[in-house]
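Dumped work.txt below, it's compact mmCIF, C-alpha atoms and all ligand atoms:
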# COMPACT_ATOMS: atom_id res chain seq x y z
CA MET O 728 91.90 36.60 168.83
CA SER O 729 88.41 38.04 168.48
CA ASN O 730 88.23 41.74 167.62
CA SER O 731 84.53 42.24 167.71
CA ASN O 732 81.32 40.32 167.71
CA ASN O 733 79.52 43.00 165.70
CA GLY O 734 80.96 42.23 162.28
CA SER O 735 79.52 40.02 159.61
CA CYS O 736 81.28 37.26 157.74
CA SER O 737 81.51 39.51 154.66
CA THR O 738 84.34 41.50 156.26
CA CYS O 739 85.93 38.70 158.28
CA VAL O 740 89.37 37.40 157.35
CA HIS O 741 88.10 33.84 157.64
CA PHE O 742 85.29 34.13 155.07
CA GLY O 743 85.35 33.22 151.44
CA ASP O 744 86.66 29.75 150.76
CA GLY O 745 85.05 28.58 147.53
CA VAL O 746 83.65 31.99 146.56
CA PRO O 747 84.98 33.17 143.18
CA ASN O 748 87.63 35.84 143.73
CA GLU O 749 85.82 38.59 141.82
CA GLN O 750 82.60 37.96 143.71
CA LEU O 751 84.48 37.91 147.03
CA VAL O 752 86.03 41.31 146.31
CA GLN O 753 82.58 42.72 145.52
CA ILE O 754 81.15 41.31 148.73
CA ARG O 755 83.99 42.79 150.76
CA VAL O 756 83.84 46.21 149.10
CA ASN O 757 80.10 46.63 148.70
CA GLY O 758 78.75 44.28 151.32
CA SER O 759 75.99 41.84 150.53
CA SER O 760 72.52 41.18 151.76
CA ASP O 761 72.30 38.06 149.64
CA GLY O 762 71.82 35.21 152.05
CA ASN O 763 71.99 32.74 149.17
CA ILE O 764 75.75 33.15 148.78
CA LEU O 765 77.69 30.63 150.82
CA GLY O 766 81.40 30.54 151.49
CA GLY O 767 83.68 28.49 153.65
CA CYS O 768 84.99 29.72 156.98
CA ASP O 769 88.67 28.89 157.44
CA LEU O 770 88.79 29.50 161.17
CA PRO O 771 90.48 26.21 162.18
CA SER O 772 87.68 25.07 164.44
CA ASN O 773 85.09 25.75 161.72
CA ALA O 774 87.14 24.57 158.75
CA ALA O 775 87.38 21.14 160.30
CA LEU O 776 83.60 21.03 160.18
CA HIS O 777 83.49 22.40 156.59
CA LEU O 778 81.24 25.17 157.84
CA LYS O 779 79.58 27.26 155.12
CA VAL O 780 78.31 30.71 156.01
CA SER O 781 76.66 33.59 154.19
CA PRO O 782 78.07 37.12 154.06
CA ILE O 783 75.44 38.25 156.57
CA SER O 784 76.27 35.52 159.09
CA SER O 785 78.51 36.21 162.09
CA CYS O 786 80.08 34.64 165.14
CA ASP O 787 82.14 35.64 168.17
CA ALA O 788 85.40 34.71 166.41
CA TYR O 789 84.91 37.54 163.88
CA GLN O 790 88.22 39.10 162.88
CA SER O 791 88.06 42.22 160.74
CA LEU O 792 89.95 42.32 157.45
CA LYS O 793 91.06 45.82 158.46
CA ALA O 794 92.86 44.47 161.53
CA ALA O 795 94.58 41.69 159.61
S1 LIG K 801 81.72 32.25 160.97
FE1 LIG K 801 82.86 33.64 162.34
S2 LIG K 801 85.03 33.25 161.93
FE2 LIG K 801 83.86 32.38 160.24
S3 LIG K 801 83.80 33.94 158.64
FE3 LIG K 801 81.96 34.22 159.89
S4 LIG K 801 82.49 35.71 161.48
FE4 LIG K 801 84.41 34.91 160.57
Could you spell out this file's structure in structure tokens?
Amino acid sequence: MSNSNNGSCSTCVHFGDGVPNEQLVQIRVNGSSDGNILGGCDLPSNAALHLKVSPISSCDAYQSLKAA
């Protein structure tokens, strides 16, 4: 399931719940170093915990948008 552990949440398919659509597109296209932005992670094991992450966060379950 994991493609890489080098990516950040900003380009992960699981990132973005609760982030306004326009802002999410900008984050995905331009990246973001703004650690104040928080979005939900819909990876099932994280969603159950209502985990909120920033675009610069990451984890071993990272799955690139490009591979989706
Ligand atoms: S916490 Fe992991 S699975 Fe969730 S959005 Fe970030 S990289 Fe993806």
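Of the listed residues (O:Leu776, O:Ser781, O:Cys786, O:Thr738), O:Thr738 comes nearest to Asn757 in chain O; the distances count all atoms listed in the file.
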**Asked** What gap, in Å, lies between CA of Val756 in chain O and CA of Leu778 in chain O?
**Response**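 Answer for the CA of Val756 in chain O to CA of Leu778 in chain O separation: 22.9 Å.
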So that each row is one residue of chain O with an atom at most 9 Å from ligand LIG 801 (chain K), can you give its shortest atom pair and the distance in Å to one decimal, using only C-alpha atoms and all ligand atoms, rows by chain and rising number, as a Markdown table?
| residue | atom | partner | partner_atom | distance |
| --- | --- | --- | --- | --- |
| O:Ser729 | CA | K:LIG801 | S2 | 8.8 |
| O:Asn732 | CA | K:LIG801 | S4 | 7.8 |
| O:Asn733 | CA | K:LIG801 | S4 | 8.9 |
| O:Gly734 | CA | K:LIG801 | S4 | 6.7 |
| O:Ser735 | CA | K:LIG801 | S4 | 5.6 |
| O:Cys736 | CA | K:LIG801 | FE3 | 3.8 |
| O:Ser737 | CA | K:LIG801 | S3 | 7.2 |
| O:Thr738 | CA | K:LIG801 | FE4 | 7.9 |
| O:Cys739 | CA | K:LIG801 | FE4 | 4.7 |
| O:Val740 | CA | K:LIG801 | FE4 | 6.4 |
| O:His741 | CA | K:LIG801 | S3 | 4.4 |
| O:Phe742 | CA | K:LIG801 | S3 | 3.9 |
| O:Gly743 | CA | K:LIG801 | S3 | 7.4 |
| O:Gly766 | CA | K:LIG801 | S3 | 8.3 |
| O:Gly767 | CA | K:LIG801 | S3 | 7.4 |
| O:Cys768 | CA | K:LIG801 | FE2 | 4.4 |
| O:Asp769 | CA | K:LIG801 | FE2 | 6.6 |
| O:Leu770 | CA | K:LIG801 | S2 | 5.4 |
| O:Pro771 | CA | K:LIG801 | S2 | 8.9 |
| O:Ser772 | CA | K:LIG801 | S2 | 9.0 |
| O:Asn773 | CA | K:LIG801 | FE2 | 6.9 |
| O:Ala774 | CA | K:LIG801 | FE2 | 8.6 |
| O:Leu778 | CA | K:LIG801 | S1 | 7.8 |
| O:Lys779 | CA | K:LIG801 | S1 | 8.0 |
| O:Val780 | CA | K:LIG801 | S1 | 6.2 |
| O:Ser781 | CA | K:LIG801 | FE3 | 7.8 |
| O:Pro782 | CA | K:LIG801 | FE3 | 7.6 |
| O:Ile783 | CA | K:LIG801 | FE3 | 8.4 |
| O:Ser784 | CA | K:LIG801 | FE3 | 5.9 |
| O:Ser785 | CA | K:LIG801 | S4 | 4.1 |
| O:Cys786 | CA | K:LIG801 | FE1 | 4.1 |
| O:Asp787 | CA | K:LIG801 | FE1 | 6.2 |
| O:Ala788 | CA | K:LIG801 | S2 | 4.7 |
| O:Tyr789 | CA | K:LIG801 | S4 | 3.9 |
| O:Gln790 | CA | K:LIG801 | FE4 | 6.1 |
| O:Ser791 | CA | K:LIG801 | FE4 | 8.2 |
File of the preceding selection, C-alpha atoms, as a PDB file, keeping the file's coordinate frame:
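Writing done, so here's part_25.pdb:
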ATOM      1  CA  SER O 729      88.410  38.040 168.480  1.00  0.00           C
ATOM      2  CA  ASN O 732      81.320  40.320 167.710  1.00  0.00           C
ATOM      3  CA  ASN O 733      79.520  43.000 165.700  1.00  0.00           C
ATOM      4  CA  GLY O 734      80.960  42.230 162.280  1.00  0.00           C
ATOM      5  CA  SER O 735      79.520  40.020 159.610  1.00  0.00           C
ATOM      6  CA  CYS O 736      81.280  37.260 157.740  1.00  0.00           C
ATOM      7  CA  SER O 737      81.510  39.510 154.660  1.00  0.00           C
ATOM      8  CA  THR O 738      84.340  41.500 156.260  1.00  0.00           C
ATOM      9  CA  CYS O 739      85.930  38.700 158.280  1.00  0.00           C
ATOM     10  CA  VAL O 740      89.370  37.400 157.350  1.00  0.00           C
ATOM     11  CA  HIS O 741      88.100  33.840 157.640  1.00  0.00           C
ATOM     12  CA  PHE O 742      85.290  34.130 155.070  1.00  0.00           C
ATOM     13  CA  GLY O 743      85.350  33.220 151.440  1.00  0.00           C
ATOM     14  CA  GLY O 766      81.400  30.540 151.490  1.00  0.00           C
ATOM     15  CA  GLY O 767      83.680  28.490 153.650  1.00  0.00           C
ATOM     16  CA  CYS O 768      84.990  29.720 156.980  1.00  0.00           C
ATOM     17  CA  ASP O 769      88.670  28.890 157.440  1.00  0.00           C
ATOM     18  CA  LEU O 770      88.790  29.500 161.170  1.00  0.00           C
ATOM     19  CA  PRO O 771      90.480  26.210 162.180  1.00  0.00           C
ATOM     20  CA  SER O 772      87.680  25.070 164.440  1.00  0.00           C
ATOM     21  CA  ASN O 773      85.090  25.750 161.720  1.00  0.00           C
ATOM     22  CA  ALA O 774      87.140  24.570 158.750  1.00  0.00           C
ATOM     23  CA  LEU O 778      81.240  25.170 157.840  1.00  0.00           C
ATOM     24  CA  LYS O 779      79.580  27.260 155.120  1.00  0.00           C
ATOM     25  CA  VAL O 780      78.310  30.710 156.010  1.00  0.00           C
ATOM     26  CA  SER O 781      76.660  33.590 154.190  1.00  0.00           C
ATOM     27  CA  PRO O 782      78.070  37.120 154.060  1.00  0.00           C
ATOM     28  CA  ILE O 783      75.440  38.250 156.570  1.00  0.00           C
ATOM     29  CA  SER O 784      76.270  35.520 159.090  1.00  0.00           C
ATOM     30  CA  SER O 785      78.510  36.210 162.090  1.00  0.00           C
ATOM     31  CA  CYS O 786      80.080  34.640 165.140  1.00  0.00           C
ATOM     32  CA  ASP O 787      82.140  35.640 168.170  1.00  0.00           C
ATOM     33  CA  ALA O 788      85.400  34.710 166.410  1.00  0.00           C
ATOM     34  CA  TYR O 789      84.910  37.540 163.880  1.00  0.00           C
ATOM     35  CA  GLN O 790      88.220  39.100 162.880  1.00  0.00           C
ATOM     36  CA  SER O 791      88.060  42.220 160.740  1.00  0.00           C
TER      37      SER O 791
END
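Taking CA of Pro747 in chain O as the reference point, CA of Asp761 in chain O is found at 15.0 Å.
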**Message:** One number please: CA of Ala795 in chain O to CA of Ser759 in chain O, in Å, one decimal.
**Reply:**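 Answer for the CA of Ala795 in chain O to CA of Ser759 in chain O separation: 20.7 Å.
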What would range 757-773 of chain O look like with N, CA and C atoms in place, written as a tab-separated table (two decimals), in the coordinates of the input?
chain	number	residue	atom	x	y	z
O	757	ASN	N	81.46	46.09	148.73
O	757	ASN	CA	80.10	46.63	148.70
O	757	ASN	C	79.17	46.02	149.74
O	758	GLY	N	79.63	44.98	150.41
O	758	GLY	CA	78.75	44.28	151.32
O	758	GLY	C	77.77	43.43	150.53
O	759	SER	N	76.97	42.67	151.21
O	759	SER	CA	75.99	41.84	150.53
O	759	SER	C	74.87	41.51	151.49
O	760	SER	N	73.66	41.60	150.97
O	760	SER	CA	72.52	41.18	151.76
O	760	SER	C	71.96	39.88	151.20
O	761	ASP	N	72.74	39.27	150.29
O	761	ASP	CA	72.30	38.06	149.64
O	761	ASP	C	72.63	36.84	150.50
O	762	GLY	N	71.63	36.36	151.18
O	762	GLY	CA	71.82	35.21	152.05
O	762	GLY	C	71.97	33.90	151.30
O	763	ASN	N	71.84	33.97	149.96
O	763	ASN	CA	71.99	32.74	149.17
O	763	ASN	C	73.43	32.41	148.84
O	764	ILE	N	74.33	33.40	149.02
O	764	ILE	CA	75.75	33.15	148.78
O	764	ILE	C	76.32	32.43	149.99
O	765	LEU	N	77.05	31.37	149.73
O	765	LEU	CA	77.69	30.63	150.82
O	765	LEU	C	79.18	30.50	150.55
O	766	GLY	N	79.96	30.70	151.59
O	766	GLY	CA	81.40	30.54	151.49
O	766	GLY	C	81.92	29.79	152.69
O	767	GLY	N	83.07	29.20	152.54
O	767	GLY	CA	83.68	28.49	153.65
O	767	GLY	C	84.27	29.44	154.67
O	768	CYS	N	84.34	28.98	155.90
O	768	CYS	CA	84.99	29.72	156.98
O	768	CYS	C	86.26	28.95	157.34
O	769	ASP	N	87.42	29.62	157.20
O	769	ASP	CA	88.67	28.89	157.44
O	769	ASP	C	89.22	29.04	158.86
O	770	LEU	N	88.41	29.56	159.77
O	770	LEU	CA	88.79	29.50	161.17
O	770	LEU	C	89.01	28.02	161.48
O	771	PRO	N	90.17	27.64	162.03
O	771	PRO	CA	90.48	26.21	162.18
O	771	PRO	C	89.37	25.37	162.79
O	772	SER	N	88.71	25.87	163.80
O	772	SER	CA	87.68	25.07	164.44
O	772	SER	C	86.45	24.90	163.55
O	773	ASN	N	86.22	25.86	162.65
O	773	ASN	CA	85.09	25.75	161.72
O	773	ASN	C	85.47	25.01	160.45
